[in-house]
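Undergrad: I'm passing along entry.cif; it holds mmCIF, C-alpha atoms.
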data_model
#
loop_
_atom_site.label_atom_id
_atom_site.label_comp_id
_atom_site.auth_asym_id
_atom_site.auth_seq_id
_atom_site.Cartn_x
_atom_site.Cartn_y
_atom_site.Cartn_z
CA ASP A 779 -13.26 28.65 -17.79
CA THR A 780 -13.45 29.29 -14.04
CA LEU A 781 -16.06 26.58 -13.62
CA GLY A 782 -13.81 24.12 -15.48
CA LYS A 783 -10.88 24.94 -13.20
CA ALA A 784 -13.09 24.52 -10.13
CA GLU A 785 -14.29 21.10 -11.38
CA ASP A 786 -10.68 20.03 -12.01
CA SER A 787 -9.72 21.12 -8.49
CA CYS A 788 -12.64 19.19 -6.98
CA THR A 789 -11.67 16.09 -8.95
CA ARG A 790 -8.05 16.33 -7.76
CA ILE A 791 -9.18 16.77 -4.13
CA LYS A 792 -11.55 13.79 -4.41
CA ASN A 793 -8.76 11.65 -5.88
CA LEU A 794 -6.39 12.71 -3.09
CA LEU A 795 -8.97 11.85 -0.42
CA ASP A 796 -9.64 8.47 -2.08
CA GLU A 797 -5.91 7.72 -2.10
CA MET A 798 -5.51 8.75 1.54
CA LEU A 799 -8.46 6.53 2.47
CA GLU A 800 -6.87 3.64 0.54
CA ILE A 801 -3.60 4.12 2.48
CA TYR A 802 -5.52 4.19 5.78
CA ARG A 803 -7.48 1.04 4.89
CA SER A 804 -4.32 -0.80 3.87
CA ASP A 805 -2.48 0.21 7.04
CA THR A 806 -5.37 -1.08 9.16
CA GLY A 807 -5.85 -4.26 7.10
CA GLN A 808 -9.26 -3.17 5.83
CA ILE A 809 -8.82 -3.22 2.05
CA PRO A 810 -11.96 -4.91 0.70
CA MET A 811 -10.83 -7.63 -1.72
CA GLU A 812 -12.89 -9.61 -4.24
CA PHE A 813 -10.77 -12.48 -5.53
CA SER A 814 -11.57 -14.29 -8.76
CA GLU A 815 -9.66 -16.21 -11.41
CA ILE A 816 -7.72 -13.96 -13.77
CA HIS A 817 -6.40 -15.08 -17.15
CA PRO A 818 -3.34 -12.85 -17.57
CA ALA A 819 -3.04 -12.56 -21.37
CA PRO A 820 -6.60 -11.31 -22.12
CA TRP A 821 -6.62 -9.14 -18.97
CA LEU A 822 -3.33 -7.42 -19.82
CA THR A 823 -4.13 -7.04 -23.52
CA SER A 824 -7.42 -5.32 -22.68
CA LEU A 825 -5.98 -3.14 -19.90
CA LEU A 826 -2.91 -2.00 -21.84
CA GLY A 827 -4.67 -1.39 -25.16
CA GLN A 828 -5.51 2.16 -24.07
CA TYR A 829 -1.84 3.16 -23.99
CA HIS A 830 -1.03 2.85 -27.69
CA LEU A 831 -2.78 6.13 -28.52
CA ARG A 832 -1.19 7.85 -25.52
CA ALA A 833 2.23 6.62 -26.63
CA ALA A 834 1.74 7.96 -30.17
CA THR A 835 0.62 11.34 -28.80
CA ALA A 836 3.53 11.52 -26.33
CA GLY A 837 6.13 10.40 -28.89
CA VAL A 838 7.04 7.40 -26.73
CA GLU A 839 7.47 3.87 -28.05
CA PHE A 840 5.13 1.47 -26.23
CA GLN A 841 5.81 -2.27 -26.23
CA VAL A 842 3.85 -5.12 -24.67
CA ALA A 843 5.30 -8.63 -24.32
CA VAL A 844 2.63 -10.93 -22.89
CA PRO A 845 2.83 -14.66 -23.71
CA GLU A 846 -0.49 -16.48 -24.14
CA SER A 847 0.69 -19.38 -21.96
CA LEU A 848 0.78 -17.54 -18.62
CA PRO A 849 -0.83 -19.41 -15.69
CA VAL A 850 -4.23 -18.42 -14.35
CA PHE A 851 -4.08 -16.85 -10.88
CA ARG A 852 -6.48 -15.47 -8.28
CA GLY A 853 -6.69 -11.77 -7.60
CA ASP A 854 -8.89 -8.72 -7.25
CA HIS A 855 -9.27 -7.55 -10.82
CA LEU A 856 -9.98 -3.88 -10.01
CA LYS A 857 -7.19 -3.59 -7.44
CA LEU A 858 -4.63 -5.10 -9.82
CA ASP A 859 -5.88 -2.82 -12.62
CA ARG A 860 -5.22 0.13 -10.36
CA ALA A 861 -1.74 -1.06 -9.40
CA LEU A 862 -0.61 -1.72 -12.96
CA VAL A 863 -2.19 1.45 -14.40
CA ASN A 864 -0.39 3.47 -11.73
CA LEU A 865 2.98 1.99 -12.73
CA VAL A 866 2.38 2.47 -16.47
CA ASP A 867 1.10 6.03 -15.94
CA ASN A 868 4.26 6.82 -13.93
CA ALA A 869 6.43 5.37 -16.68
CA PHE A 870 4.78 7.64 -19.24
CA LYS A 871 4.95 10.64 -16.88
CA PHE A 872 8.70 10.38 -16.44
CA THR A 873 9.73 9.18 -19.91
CA PRO A 874 10.58 11.96 -22.37
CA ARG A 875 9.58 12.11 -26.03
CA GLY A 876 11.69 9.63 -27.99
CA GLY A 877 11.90 7.22 -25.03
CA ALA A 878 10.23 3.85 -24.52
CA VAL A 879 7.89 2.14 -22.09
CA ARG A 880 7.67 -1.66 -22.08
CA VAL A 881 5.35 -3.99 -20.17
CA GLU A 882 6.46 -7.61 -19.87
CA ALA A 883 4.81 -10.60 -18.25
CA GLY A 884 6.34 -13.94 -17.40
CA VAL A 885 6.68 -16.65 -14.80
CA GLU A 886 9.33 -16.50 -12.10
CA PHE A 887 10.22 -19.29 -9.70
CA GLY A 888 10.98 -18.57 -6.07
CA SER A 889 14.30 -19.28 -4.43
CA GLY A 890 15.50 -19.52 -0.83
CA VAL A 891 12.51 -19.52 1.50
CA GLU A 892 10.26 -19.23 -1.56
CA ALA A 893 11.72 -22.32 -3.28
CA GLY A 894 8.98 -24.29 -5.02
CA LEU A 895 6.69 -21.28 -5.39
CA ARG A 896 5.71 -19.83 -8.76
CA PHE A 897 4.94 -16.17 -9.42
CA LEU A 898 3.42 -14.19 -12.25
CA ARG A 899 5.91 -11.37 -12.92
CA LEU A 900 4.58 -8.13 -14.39
CA SER A 901 7.34 -5.63 -15.24
CA VAL A 902 6.99 -2.01 -16.30
CA ILE A 903 10.27 -0.80 -17.79
CA ASP A 904 10.95 2.73 -18.99
CA THR A 905 13.79 4.82 -20.36
CA GLY A 906 12.85 7.80 -18.23
CA ARG A 907 15.02 9.92 -15.99
CA GLY A 908 15.47 7.21 -13.36
CA ILE A 909 15.46 7.41 -9.57
CA PRO A 910 18.56 8.36 -7.56
CA ALA A 911 19.99 5.38 -5.63
CA GLY A 912 19.61 7.25 -2.32
CA ASP A 913 15.87 7.64 -2.90
CA LEU A 914 15.11 4.03 -3.93
CA PRO A 915 14.69 2.66 -0.37
CA PHE A 916 11.99 5.27 0.33
CA ILE A 917 9.92 5.36 -2.88
CA PHE A 918 7.07 3.31 -1.37
CA ASP A 919 6.71 5.66 1.61
CA PRO A 920 3.51 7.74 1.47
CA PHE A 921 3.96 11.37 0.38
CA ARG A 922 7.54 10.70 -0.77
CA GLN A 923 8.69 12.28 -4.03
CA THR A 924 12.21 12.26 -5.38
CA GLU A 925 12.20 15.85 -6.60
CA ARG A 926 10.29 18.99 -5.66
CA SER A 927 9.27 19.47 -9.29
CA ASP A 928 7.25 16.24 -8.99
CA ALA A 929 4.74 17.97 -6.70
CA SER A 930 2.83 19.15 -9.75
CA LYS A 931 2.53 15.52 -10.92
CA GLY A 932 0.99 14.12 -7.72
CA VAL A 933 1.35 13.93 -3.97
CA GLY A 934 3.45 10.78 -3.67
CA LEU A 935 0.77 8.25 -2.75
CA GLY A 936 0.69 6.20 -5.97
CA LEU A 937 3.61 3.85 -5.29
CA ALA A 938 2.62 3.47 -1.63
CA ILE A 939 -0.84 2.32 -2.75
CA VAL A 940 0.62 -0.03 -5.37
CA GLN A 941 2.83 -1.66 -2.74
CA ARG A 942 -0.10 -2.16 -0.38
CA LEU A 943 -2.38 -3.57 -3.09
CA VAL A 944 0.30 -6.05 -4.13
CA ALA A 945 0.91 -7.03 -0.48
CA ALA A 946 -2.85 -7.64 -0.09
CA HIS A 947 -2.39 -10.26 -2.85
CA ARG A 948 0.51 -11.83 -0.88
CA GLY A 949 2.81 -10.54 -3.60
CA GLN A 950 5.88 -8.33 -3.81
CA ILE A 951 7.05 -5.32 -5.74
CA ARG A 952 10.66 -4.69 -6.72
CA ALA A 953 12.16 -1.51 -8.09
CA GLN A 954 15.43 -1.06 -9.94
CA SER A 955 16.54 2.24 -11.40
CA GLN A 956 19.52 4.15 -12.67
CA VAL A 957 19.54 7.90 -13.17
CA GLY A 958 19.60 8.76 -16.85
CA PHE A 959 18.71 5.23 -17.98
CA GLY A 960 15.25 4.51 -16.56
CA SER A 961 13.40 2.31 -14.12
CA ASN A 962 12.02 -1.21 -13.84
CA PHE A 963 9.14 -1.97 -11.49
CA SER A 964 8.20 -5.65 -11.18
CA LEU A 965 5.13 -7.06 -9.47
CA LEU A 966 5.37 -10.69 -8.32
CA LEU A 967 1.98 -12.29 -7.74
CA PRO A 968 1.65 -15.88 -6.46
CA CYS A 969 0.05 -18.32 -8.89
#
So, in terms of structure tokens, how does the structure I just supplied come out?
TA:
Amino acid sequence: DTLGKAEDSCTRIKNLLDEMLEIYRSDTGQIPMEFSEIHPAPWLTSLLGQYHLRAATAGVEFQVAVPESLPVFRGDHLKLDRALVNLVDNAFKFTPRGGAVRVEAGVEFGSGVEAGLRFLRLSVIDTGRGIPAGDLPFIFDPFRQTERSDASKGVGLGLAIVQRLVAAHRGQIRAQSQVGFGSNFSLLLPC
């Protein structure tokens, strides 16, 4: 039992150090990227398939809406896996039994200075507790957590890493949330 706890502690420390290194690399522009063509529908279907069992165990409804006709885009497969898994994991973490988590994909067209550009939009929507409006501007800051009770769920690096991985793809992340109703995180990746 003690050995198991020690192994768990070592794993958590290693993960924390890896995340801190990822933040450092992103802040210094040193994230190693390996771009290739990604076909969104098969990629998302494969990546999100693992969550159906988790949803059943957690008593959370899990929905995936991914059209087959999404455009191919270029990206680092492993980095985008990490970004999306982080968002879906967070949605499950903060959504109570009886709630729902939904992942949607679609195409969004730019406006204003982005007029004429096309983006793949990946949205993770949950019916969790939501994020207070005063905290929303700071959620992508490293080590930021909205509540002290969240300290047992992580150290506040996940969203900071997601933002940096998306920026390394010349993309954007948007967050909308309302306390008591849930959150919607959308990644916009150029295609």
Undergrad: If you count all atoms listed in the file, which residues fall within 6 Å of A:Val838, apart from same-chain ones fewer than 5 positions away, as a list in words?
TA: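 Those residues are Ala833, Arg875, Gly876, Gly877 and Ala878 of chain A.
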Undergrad: For atom CA of A:Leu965 and atom CA of A:Arg899, determine how far apart the two atoms are, in Å to one decimal place.
TA: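 Computing the Euclidean distance for atom CA of A:Leu965 and atom CA of A:Arg899 yields 5.6 Å.
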Undergrad: Specify the axis-aligned box that encloses all atoms of stretch 937-949 of chain A listed in the file after padding of 8 Å on each side, stating its centre and edge lengths in Å to one decimal as lines of an AutoDock Vina configuration file.
TA:
center_x = 0.4
center_y = -4.0
center_z = -2.7
size_x = 22.5
size_y = 31.7
size_z = 21.3
Undergrad: Counting all atoms listed in the file, which residue out of A:Gln841, A:Ser901, A:Gln954, A:Ser847 sits closest to A:Glu882?
TA: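 Distance minimum relative to A:Glu882 lands on A:Ser901.
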Undergrad: Using the chain letters and residue numbers of this document, give as a list in words the residues selected by the PyMOL selection byres ((chain A and resi 852) around 12).
TA: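 Given this file, the PyMOL selection byres ((chain A and resi 852) around 12) evaluates to Met811, Glu812, Phe813, Ser814, Glu815, Ile816, His817, Pro818, Pro849, Val850, Phe851, Gly853, Asp854, His855, Lys857, Leu858, Phe897, Leu898, Ala946, His947, Arg948, Gly949, Leu967, Pro968 and Cys969 of chain A.
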Undergrad: Any idea what's packed within 9 Å of A:Leu865, counting all atoms listed in the file, ignoring anything in its chain fewer than 5 positions away? Could you give it as a VMD selection string?
TA: chain A and resid 860 870 902 936 to 937 940 963
Undergrad: Next, write the just-selected residues to a file, as a PDB file, in the frame of the given file, keeping C-alpha atoms as the atom set.
TA:
ATOM      1  CA  ARG A 860      -5.220   0.130 -10.360  1.00  0.00           C
ATOM      2  CA  PHE A 870       4.780   7.640 -19.240  1.00  0.00           C
ATOM      3  CA  VAL A 902       6.990  -2.010 -16.300  1.00  0.00           C
ATOM      4  CA  GLY A 936       0.690   6.200  -5.970  1.00  0.00           C
ATOM      5  CA  LEU A 937       3.610   3.850  -5.290  1.00  0.00           C
ATOM      6  CA  VAL A 940       0.620  -0.030  -5.370  1.00  0.00           C
ATOM      7  CA  PHE A 963       9.140  -1.970 -11.490  1.00  0.00           C
TER       8      PHE A 963
END
Undergrad: Check the smallest atom-to-atom distance from each of A:Val844, A:Val879, A:Leu900, A:Leu914 to A:Gln950 using only C-alpha atoms, then report the winner.
TA: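 For A:Gln950, the nearest of the given residues is A:Leu900.
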Undergrad: For atom CA of A:Arg880 and atom CA of A:Ile903, determine how far apart the two atoms are, in Å to one decimal place.
TA: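 Value for the atom CA of A:Arg880-atom CA of A:Ile903 distance: 5.1 Å.
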Undergrad: Go ahead and compute the interatomic distance for atom CA of A:Phe918 and atom CA of A:Gly894, in Å to one decimal.
TA: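 Pair atom CA of A:Phe918 / atom CA of A:Gly894 returns 27.9 Å.
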Undergrad: Which residue, A:Ala784, A:Ala911, A:Ala883, A:Ala893, has the smallest gap to A:Leu966 when you use only C-alpha atoms?
TA: A:Ala883
Undergrad: Could you expand the PyMOL selection byres ((chain A and resi 819) around 7) into the explicit residues it covers here, written as JSON, numbers by chain?
TA: {"A": [817, 818, 820, 821, 822, 823, 844, 845, 846, 848]}
Undergrad: Nearest residue to A:Ser824 out of A:Thr780, A:Val842, A:Ala869, A:Phe887, using only C-alpha atoms?
TA: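 Smallest separation from A:Ser824 among the options: A:Val842.
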Undergrad: Starting from the shown file, work through the PyMOL selection byres ((chain A and resi 958) around 8) and note down what comes out as a CSV table (one decimal) with C-alpha atoms, keeping the file's coordinate frame.
TA:
chain,number,residue,atom,x,y,z
A,905,THR,CA,13.8,4.8,-20.4
A,906,GLY,CA,12.8,7.8,-18.2
A,907,ARG,CA,15.0,9.9,-16.0
A,908,GLY,CA,15.5,7.2,-13.4
A,956,GLN,CA,19.5,4.2,-12.7
A,957,VAL,CA,19.5,7.9,-13.2
A,959,PHE,CA,18.7,5.2,-18.0
A,960,GLY,CA,15.2,4.5,-16.6
Undergrad: With distances taken over all atoms listed in the file, which of A:Ala938, A:Asp859, A:Cys788, A:Gln828 is nearest to A:Phe916?
TA: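 So, comparing all the options, the nearest one is A:Ala938.
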